Amino acid sequence: MTEESERAAVVRDAAPGEDRITLHASDDAEQQAMARALSSPLRLRVLRLCAFEARTNKELAGLLRVNPGTMLHHVRTLVQTGFLAAEPERAGAGGAREVPYRATGLSWRTSIPGGSPVLVETFLQQIDGLAPDELDVSWMGLKVNAEHREELQQRLYELMNEFKERGPDPDGETLGLFTALYADDNPPARPA
């Protein structure tokens with residue numbers, strides 16, 4: 001890859017229906033800001049909370065049990081990088097001015113190499129306190145070649161994207177879905 005292409009703000013992958021955005025380590029200030037915005041489990045949780053309904057800074061602070069001033073910093077970071085968008089102001093309790101925010105969906109299309117630990121930490125925070133029957137987990141081992149691994153990754157992405165593109169069901173229950181595909185430390189058996 002050339003230095004010029006590494007500094008490009010985004011790299012477009014050929015994903016059906018929409019462009020994927022892959023952030024790279026670069027000197028580009030916009031790209032660095034986007035990567036920083038997605039490097040916080042708290043900010044990722046904010047995006048999840050604002051995915052289906054707009055929420056105010058105060059509501060987010062209460063739901064995530066953080067100081068409203070701290071939350072405002074995180075909300076502003078997400079707005080400045082395009083991951084959250086402000087909706088029209090509304091009157092809150094006592095006539096106070098409130099600004100609700102909604103996730104733009106940009107984070108779904110943005111991939112950060114090396115960002116998996118943040119996603120795992122976010123997932124662990126999201127499931128903290130759930131009862132065992134509130135979490136349905138599957139785990140399996142596979143042995144596939146590079147071509148089949150790529151096919152599996154593409155099909156999983158397409159399936160998740162299909163459901164995302166449908167939009168939320170008005171009578172639906174909000175759910176989280178976390179998948180991880182990784183190299184398993186499972187060496188071959190020794191010959192007998």
# chains A, B, ... in the order shown; residues from 1 in each chain; ligands from 1

$ select_by_dssp --residues "segment 13-107 of chain A" --states "strand (DSSP E)" --output "MDAnalysis selection string"
chainID A and resid 13 20:22 55:56 84:86 90:91 97:98 100:103

$ write_last_selection --atoms "N, CA and C atoms" --output "PDB file, in the first residue's frame"
ATOM      1  N   ASP A  13     -14.434  -0.690   0.679  1.00  0.00           N
ATOM      2  CA  ASP A  13     -14.450  -2.103   0.328  1.00  0.00           C
ATOM      3  C   ASP A  13     -15.696  -2.351  -0.500  1.00  0.00           C
ATOM      4  N   ARG A  20     -18.029   0.252   2.995  1.00  0.00           N
ATOM      5  CA  ARG A  20     -17.415   0.075   4.310  1.00  0.00           C
ATOM      6  C   ARG A  20     -16.325   1.119   4.433  1.00  0.00           C
ATOM      7  N   ILE A  21     -16.117   1.626   5.615  1.00  0.00           N
ATOM      8  CA  ILE A  21     -15.084   2.608   5.871  1.00  0.00           C
ATOM      9  C   ILE A  21     -14.047   1.954   6.780  1.00  0.00           C
ATOM     10  N   THR A  22     -12.832   1.876   6.319  1.00  0.00           N
ATOM     11  CA  THR A  22     -11.766   1.296   7.115  1.00  0.00           C
ATOM     12  C   THR A  22     -10.794   2.397   7.499  1.00  0.00           C
ATOM     13  N   ARG A  55     -31.954  10.322  22.414  1.00  0.00           N
ATOM     14  CA  ARG A  55     -31.820  10.505  23.859  1.00  0.00           C
ATOM     15  C   ARG A  55     -31.013  11.765  24.137  1.00  0.00           C
ATOM     16  N   THR A  56     -31.340  12.401  25.236  1.00  0.00           N
ATOM     17  CA  THR A  56     -30.626  13.608  25.628  1.00  0.00           C
ATOM     18  C   THR A  56     -29.367  13.250  26.407  1.00  0.00           C
ATOM     19  N   LEU A  84     -23.074  10.647  15.859  1.00  0.00           N
ATOM     20  CA  LEU A  84     -24.346  11.064  16.449  1.00  0.00           C
ATOM     21  C   LEU A  84     -24.807  12.332  15.740  1.00  0.00           C
ATOM     22  N   ALA A  85     -26.110  12.527  15.675  1.00  0.00           N
ATOM     23  CA  ALA A  85     -26.662  13.752  15.099  1.00  0.00           C
ATOM     24  C   ALA A  85     -27.698  14.315  16.065  1.00  0.00           C
ATOM     25  N   ALA A  86     -27.656  15.621  16.232  1.00  0.00           N
ATOM     26  CA  ALA A  86     -28.639  16.295  17.080  1.00  0.00           C
ATOM     27  C   ALA A  86     -29.970  16.369  16.347  1.00  0.00           C
ATOM     28  N   ARG A  90     -36.174  20.163  22.229  1.00  0.00           N
ATOM     29  CA  ARG A  90     -37.502  19.939  22.806  1.00  0.00           C
ATOM     30  C   ARG A  90     -37.491  20.479  24.234  1.00  0.00           C
ATOM     31  N   ALA A  91     -38.668  20.681  24.764  1.00  0.00           N
ATOM     32  CA  ALA A  91     -38.782  21.165  26.138  1.00  0.00           C
ATOM     33  C   ALA A  91     -38.747  19.971  27.078  1.00  0.00           C
ATOM     34  N   ARG A  97     -34.440  23.464  28.081  1.00  0.00           N
ATOM     35  CA  ARG A  97     -34.120  23.115  26.697  1.00  0.00           C
ATOM     36  C   ARG A  97     -33.330  21.807  26.686  1.00  0.00           C
ATOM     37  N   GLU A  98     -33.798  20.855  25.889  1.00  0.00           N
ATOM     38  CA  GLU A  98     -33.108  19.571  25.751  1.00  0.00           C
ATOM     39  C   GLU A  98     -32.813  19.312  24.275  1.00  0.00           C
ATOM     40  N   PRO A 100     -32.057  16.160  21.931  1.00  0.00           N
ATOM     41  CA  PRO A 100     -31.922  14.710  21.788  1.00  0.00           C
ATOM     42  C   PRO A 100     -30.951  14.374  20.659  1.00  0.00           C
ATOM     43  N   TYR A 101     -30.284  13.245  20.797  1.00  0.00           N
ATOM     44  CA  TYR A 101     -29.299  12.798  19.815  1.00  0.00           C
ATOM     45  C   TYR A 101     -29.659  11.392  19.348  1.00  0.00           C
ATOM     46  N   ARG A 102     -29.384  11.149  18.059  1.00  0.00           N
ATOM     47  CA  ARG A 102     -29.641   9.826  17.484  1.00  0.00           C
ATOM     48  C   ARG A 102     -28.395   9.367  16.739  1.00  0.00           C
ATOM     49  N   ALA A 103     -28.101   8.080  16.835  1.00  0.00           N
ATOM     50  CA  ALA A 103     -26.965   7.502  16.110  1.00  0.00           C
ATOM     51  C   ALA A 103     -27.234   7.582  14.613  1.00  0.00           C
TER      52      ALA A 103
END

$ residues_around --residues "Glu121 of chain A" --least-positions-apart "2" --cutoff "12 Å" --atoms "only C-alpha atoms" --output "list in words"
Ser39, Ser40, Pro41, Leu42, Arg43, Leu44, Arg45, Gly115, Ser116, Pro117, Val118, Leu119, Phe123, Leu124, Gln125, Gln126, Ile127, Asp128 and Phe178 of chain A

$ write_last_selection --atoms "C-alpha atoms" --output "PDB file, in the first residue's frame"
ATOM      1  CA  SER A  39     -12.003   3.767  20.982  1.00  0.00           C
ATOM      2  CA  SER A  40     -14.203   4.169  24.057  1.00  0.00           C
ATOM      3  CA  PRO A  41     -16.608   1.497  25.313  1.00  0.00           C
ATOM      4  CA  LEU A  42     -18.705   4.271  26.860  1.00  0.00           C
ATOM      5  CA  ARG A  43     -19.097   6.046  23.504  1.00  0.00           C
ATOM      6  CA  LEU A  44     -19.968   2.753  21.796  1.00  0.00           C
ATOM      7  CA  ARG A  45     -22.642   2.183  24.431  1.00  0.00           C
ATOM      8  CA  GLY A 115     -10.418  -2.198  17.561  1.00  0.00           C
ATOM      9  CA  SER A 116     -11.556  -5.653  18.690  1.00  0.00           C
ATOM     10  CA  PRO A 117     -10.490  -5.254  22.353  1.00  0.00           C
ATOM     11  CA  VAL A 118     -12.727  -2.177  22.646  1.00  0.00           C
ATOM     12  CA  LEU A 119     -15.660  -4.110  21.178  1.00  0.00           C
ATOM     13  CA  PHE A 123     -19.822  -6.281  25.028  1.00  0.00           C
ATOM     14  CA  LEU A 124     -18.754  -7.301  28.546  1.00  0.00           C
ATOM     15  CA  GLN A 125     -20.104  -4.019  29.931  1.00  0.00           C
ATOM     16  CA  GLN A 126     -23.371  -4.508  28.049  1.00  0.00           C
ATOM     17  CA  ILE A 127     -23.983  -7.983  29.487  1.00  0.00           C
ATOM     18  CA  ASP A 128     -22.858  -7.173  33.035  1.00  0.00           C
ATOM     19  CA  PHE A 178     -21.973  -9.902  19.151  1.00  0.00           C
TER      20      PHE A 178
END

$ closest_residue --among "A:Leu38, A:Leu156, A:Leu63, A:Ala180" --to "Val79 of chain A" --atoms "only C-alpha atoms"
A:Leu38

$ closest_residue --among "A:Ser107, A:Ala54, A:Leu64, A:Ala96" --to "Ala37 of chain A" --atoms "only C-alpha atoms"
A:Ser107

$ closest_atom_pairs --of "segment 51-112 of chain A" --to "segment 162-175 of chain A" --cutoff "10 Å" --atoms "only C-alpha atoms" --output "tab-separated table"
residue	atom	partner	partner_atom	distance
A:Ala51	CA	A:Pro168	CA	9.3
A:Phe52	CA	A:Pro168	CA	7.0
A:Gly105	CA	A:Lys164	CA	9.4
A:Trp108	CA	A:Lys164	CA	9.2

$ write_last_selection --atoms "N, CA and C atoms" --output "mmCIF file, in the first residue's frame"
data_model
loop_
_atom_site.group_PDB
_atom_site.id
_atom_site.type_symbol
_atom_site.label_atom_id
_atom_site.label_comp_id
_atom_site.auth_asym_id
_atom_site.auth_seq_id
_atom_site.Cartn_x
_atom_site.Cartn_y
_atom_site.Cartn_z
ATOM 1 N N ALA A 51 -29.466 4.216 19.012
ATOM 2 C CA ALA A 51 -29.692 3.578 17.719
ATOM 3 C C ALA A 51 -31.158 3.614 17.299
ATOM 4 N N PHE A 52 -32.073 3.465 18.237
ATOM 5 C CA PHE A 52 -33.487 3.335 17.885
ATOM 6 C C PHE A 52 -34.350 4.481 18.370
ATOM 7 N N GLY A 105 -25.655 5.709 12.272
ATOM 8 C CA GLY A 105 -25.398 4.438 11.593
ATOM 9 C C GLY A 105 -24.011 4.366 10.986
ATOM 10 N N TRP A 108 -21.624 1.535 12.162
ATOM 11 C CA TRP A 108 -21.832 0.185 11.628
ATOM 12 C C TRP A 108 -20.946 -0.053 10.419
#

$ residues_around --residues "His73 of chain A" --least-positions-apart "3" --cutoff "12 Å" --atoms "only C-alpha atoms" --output "NGL selection string"
:A and (37 or 42-43 or 46 or 57 or 60-61 or 66-70 or 76-80)

$ select_by_dssp --residues "segment 6-155 of chain A" --states "helix (DSSP H, G or I)" --output "NGL selection string"
:A and (6 or 29-37 or 41-49 or 57-64 or 68-80 or 93-95 or 106-109 or 116-127 or 132-134 or 146-155)

$ residues_around --residues "Gln153 of chain A" --least-positions-apart "3" --cutoff "12 Å" --atoms "only C-alpha atoms" --output "short mmCIF file (atom, residue, chain, number, x, y, z; two decimals) with C-alpha atoms, in the first residue's frame"
data_model
loop_
_atom_site.label_atom_id
_atom_site.label_comp_id
_atom_site.auth_asym_id
_atom_site.auth_seq_id
_atom_site.Cartn_x
_atom_site.Cartn_y
_atom_site.Cartn_z
CA ALA A 15 -19.66 -4.50 0.18
CA VAL A 144 -11.75 -23.88 7.08
CA ALA A 146 -8.88 -18.94 3.61
CA GLU A 147 -11.54 -18.96 0.88
CA HIS A 148 -14.19 -20.46 3.15
CA ARG A 149 -13.25 -18.13 6.02
CA GLU A 150 -13.77 -15.15 3.72
CA LEU A 156 -22.31 -13.12 8.42
CA TYR A 157 -21.86 -9.46 7.48
CA GLU A 158 -24.57 -9.70 4.81
CA LEU A 159 -27.02 -11.34 7.24
CA MET A 160 -26.42 -8.73 9.95
CA THR A 179 -20.01 -12.25 16.92
CA ALA A 180 -16.30 -12.95 16.94
CA LEU A 181 -14.30 -14.93 14.44
CA TYR A 182 -10.76 -15.60 15.56
#

$ atom_distance --atom1 "atom CA of Gly62 of chain A" --atom2 "atom CA of Ala35 of chain A"
25.7 Å

$ decode --residues "segment 30-56 of chain A" --atoms "N, CA, C and O atoms" --output "tab-separated table (two decimals), in the first residue's frame"
chain	number	residue	atom	x	y	z
A	30	GLU	N	-9.05	14.06	10.60
A	30	GLU	CA	-10.43	13.55	10.63
A	30	GLU	C	-10.45	12.06	10.94
A	30	GLU	O	-11.24	11.60	11.76
A	31	GLN	N	-9.55	11.33	10.33
A	31	GLN	CA	-9.49	9.89	10.55
A	31	GLN	C	-9.07	9.59	11.99
A	31	GLN	O	-9.62	8.69	12.63
A	32	GLN	N	-8.11	10.33	12.51
A	32	GLN	CA	-7.68	10.15	13.89
A	32	GLN	C	-8.83	10.43	14.86
A	32	GLN	O	-9.02	9.70	15.84
A	33	ALA	N	-9.60	11.49	14.59
A	33	ALA	CA	-10.73	11.83	15.46
A	33	ALA	C	-11.79	10.73	15.43
A	33	ALA	O	-12.36	10.38	16.48
A	34	MET	N	-12.05	10.17	14.25
A	34	MET	CA	-13.03	9.09	14.15
A	34	MET	C	-12.56	7.86	14.92
A	34	MET	O	-13.33	7.22	15.64
A	35	ALA	N	-11.28	7.53	14.79
A	35	ALA	CA	-10.73	6.37	15.50
A	35	ALA	C	-10.81	6.58	17.01
A	35	ALA	O	-11.19	5.67	17.75
A	36	ARG	N	-10.47	7.78	17.47
A	36	ARG	CA	-10.56	8.07	18.91
A	36	ARG	C	-12.01	7.98	19.39
A	36	ARG	O	-12.28	7.49	20.49
A	37	ALA	N	-12.93	8.46	18.59
A	37	ALA	CA	-14.33	8.44	18.99
A	37	ALA	C	-14.82	7.01	19.20
A	37	ALA	O	-15.64	6.76	20.09
A	38	LEU	N	-14.33	6.08	18.40
A	38	LEU	CA	-14.76	4.69	18.51
A	38	LEU	C	-13.85	3.86	19.43
A	38	LEU	O	-14.01	2.65	19.51
A	39	SER	N	-12.94	4.51	20.12
A	39	SER	CA	-12.00	3.77	20.98
A	39	SER	C	-12.48	3.68	22.42
A	39	SER	O	-11.77	3.17	23.27
A	40	SER	N	-13.68	4.14	22.69
A	40	SER	CA	-14.20	4.17	24.06
A	40	SER	C	-15.44	3.28	24.18
A	40	SER	O	-16.43	3.50	23.48
A	41	PRO	N	-15.40	2.30	25.10
A	41	PRO	CA	-16.61	1.50	25.31
A	41	PRO	C	-17.82	2.35	25.70
A	41	PRO	O	-18.93	2.08	25.26
A	42	LEU	N	-17.59	3.41	26.47
A	42	LEU	CA	-18.70	4.27	26.86
A	42	LEU	C	-19.35	4.91	25.63
A	42	LEU	O	-20.58	4.94	25.50
A	43	ARG	N	-18.54	5.42	24.71
A	43	ARG	CA	-19.10	6.05	23.50
A	43	ARG	C	-19.81	5.01	22.63
A	43	ARG	O	-20.84	5.31	22.02
A	44	LEU	N	-19.28	3.80	22.57
A	44	LEU	CA	-19.97	2.75	21.80
A	44	LEU	C	-21.31	2.41	22.43
A	44	LEU	O	-22.30	2.16	21.73
A	45	ARG	N	-21.37	2.44	23.75
A	45	ARG	CA	-22.64	2.18	24.43
A	45	ARG	C	-23.63	3.32	24.18
A	45	ARG	O	-24.82	3.10	24.05
A	46	VAL	N	-23.13	4.55	24.11
A	46	VAL	CA	-23.99	5.70	23.76
A	46	VAL	C	-24.61	5.47	22.38
A	46	VAL	O	-25.81	5.67	22.19
A	47	LEU	N	-23.79	5.05	21.44
A	47	LEU	CA	-24.30	4.80	20.08
A	47	LEU	C	-25.39	3.73	20.10
A	47	LEU	O	-26.40	3.85	19.39
A	48	ARG	N	-25.19	2.69	20.89
A	48	ARG	CA	-26.19	1.63	20.97
A	48	ARG	C	-27.49	2.18	21.56
A	48	ARG	O	-28.59	1.89	21.08
A	49	LEU	N	-27.38	3.01	22.62
A	49	LEU	CA	-28.58	3.55	23.25
A	49	LEU	C	-29.32	4.52	22.33
A	49	LEU	O	-30.53	4.70	22.48
A	50	CYS	N	-28.62	5.14	21.41
A	50	CYS	CA	-29.24	6.12	20.50
A	50	CYS	C	-29.57	5.51	19.14
A	50	CYS	O	-29.93	6.24	18.21
A	51	ALA	N	-29.47	4.22	19.01
A	51	ALA	CA	-29.69	3.58	17.72
A	51	ALA	C	-31.16	3.61	17.30
A	51	ALA	O	-31.46	3.77	16.12
A	52	PHE	N	-32.07	3.46	18.24
A	52	PHE	CA	-33.49	3.34	17.88
A	52	PHE	C	-34.35	4.48	18.37
A	52	PHE	O	-35.48	4.63	17.94
A	53	GLU	N	-33.83	5.26	19.30
A	53	GLU	CA	-34.57	6.43	19.75
A	53	GLU	C	-33.58	7.51	20.18
A	53	GLU	O	-32.49	7.21	20.65
A	54	ALA	N	-33.98	8.74	19.99
A	54	ALA	CA	-33.13	9.86	20.36
A	54	ALA	C	-33.13	10.02	21.88
A	54	ALA	O	-34.17	9.85	22.53
A	55	ARG	N	-31.95	10.32	22.41
A	55	ARG	CA	-31.82	10.51	23.86
A	55	ARG	C	-31.01	11.77	24.14
A	55	ARG	O	-30.11	12.11	23.39
A	56	THR	N	-31.34	12.40	25.24
A	56	THR	CA	-30.63	13.61	25.63
A	56	THR	C	-29.37	13.25	26.41
A	56	THR	O	-29.21	12.11	26.89
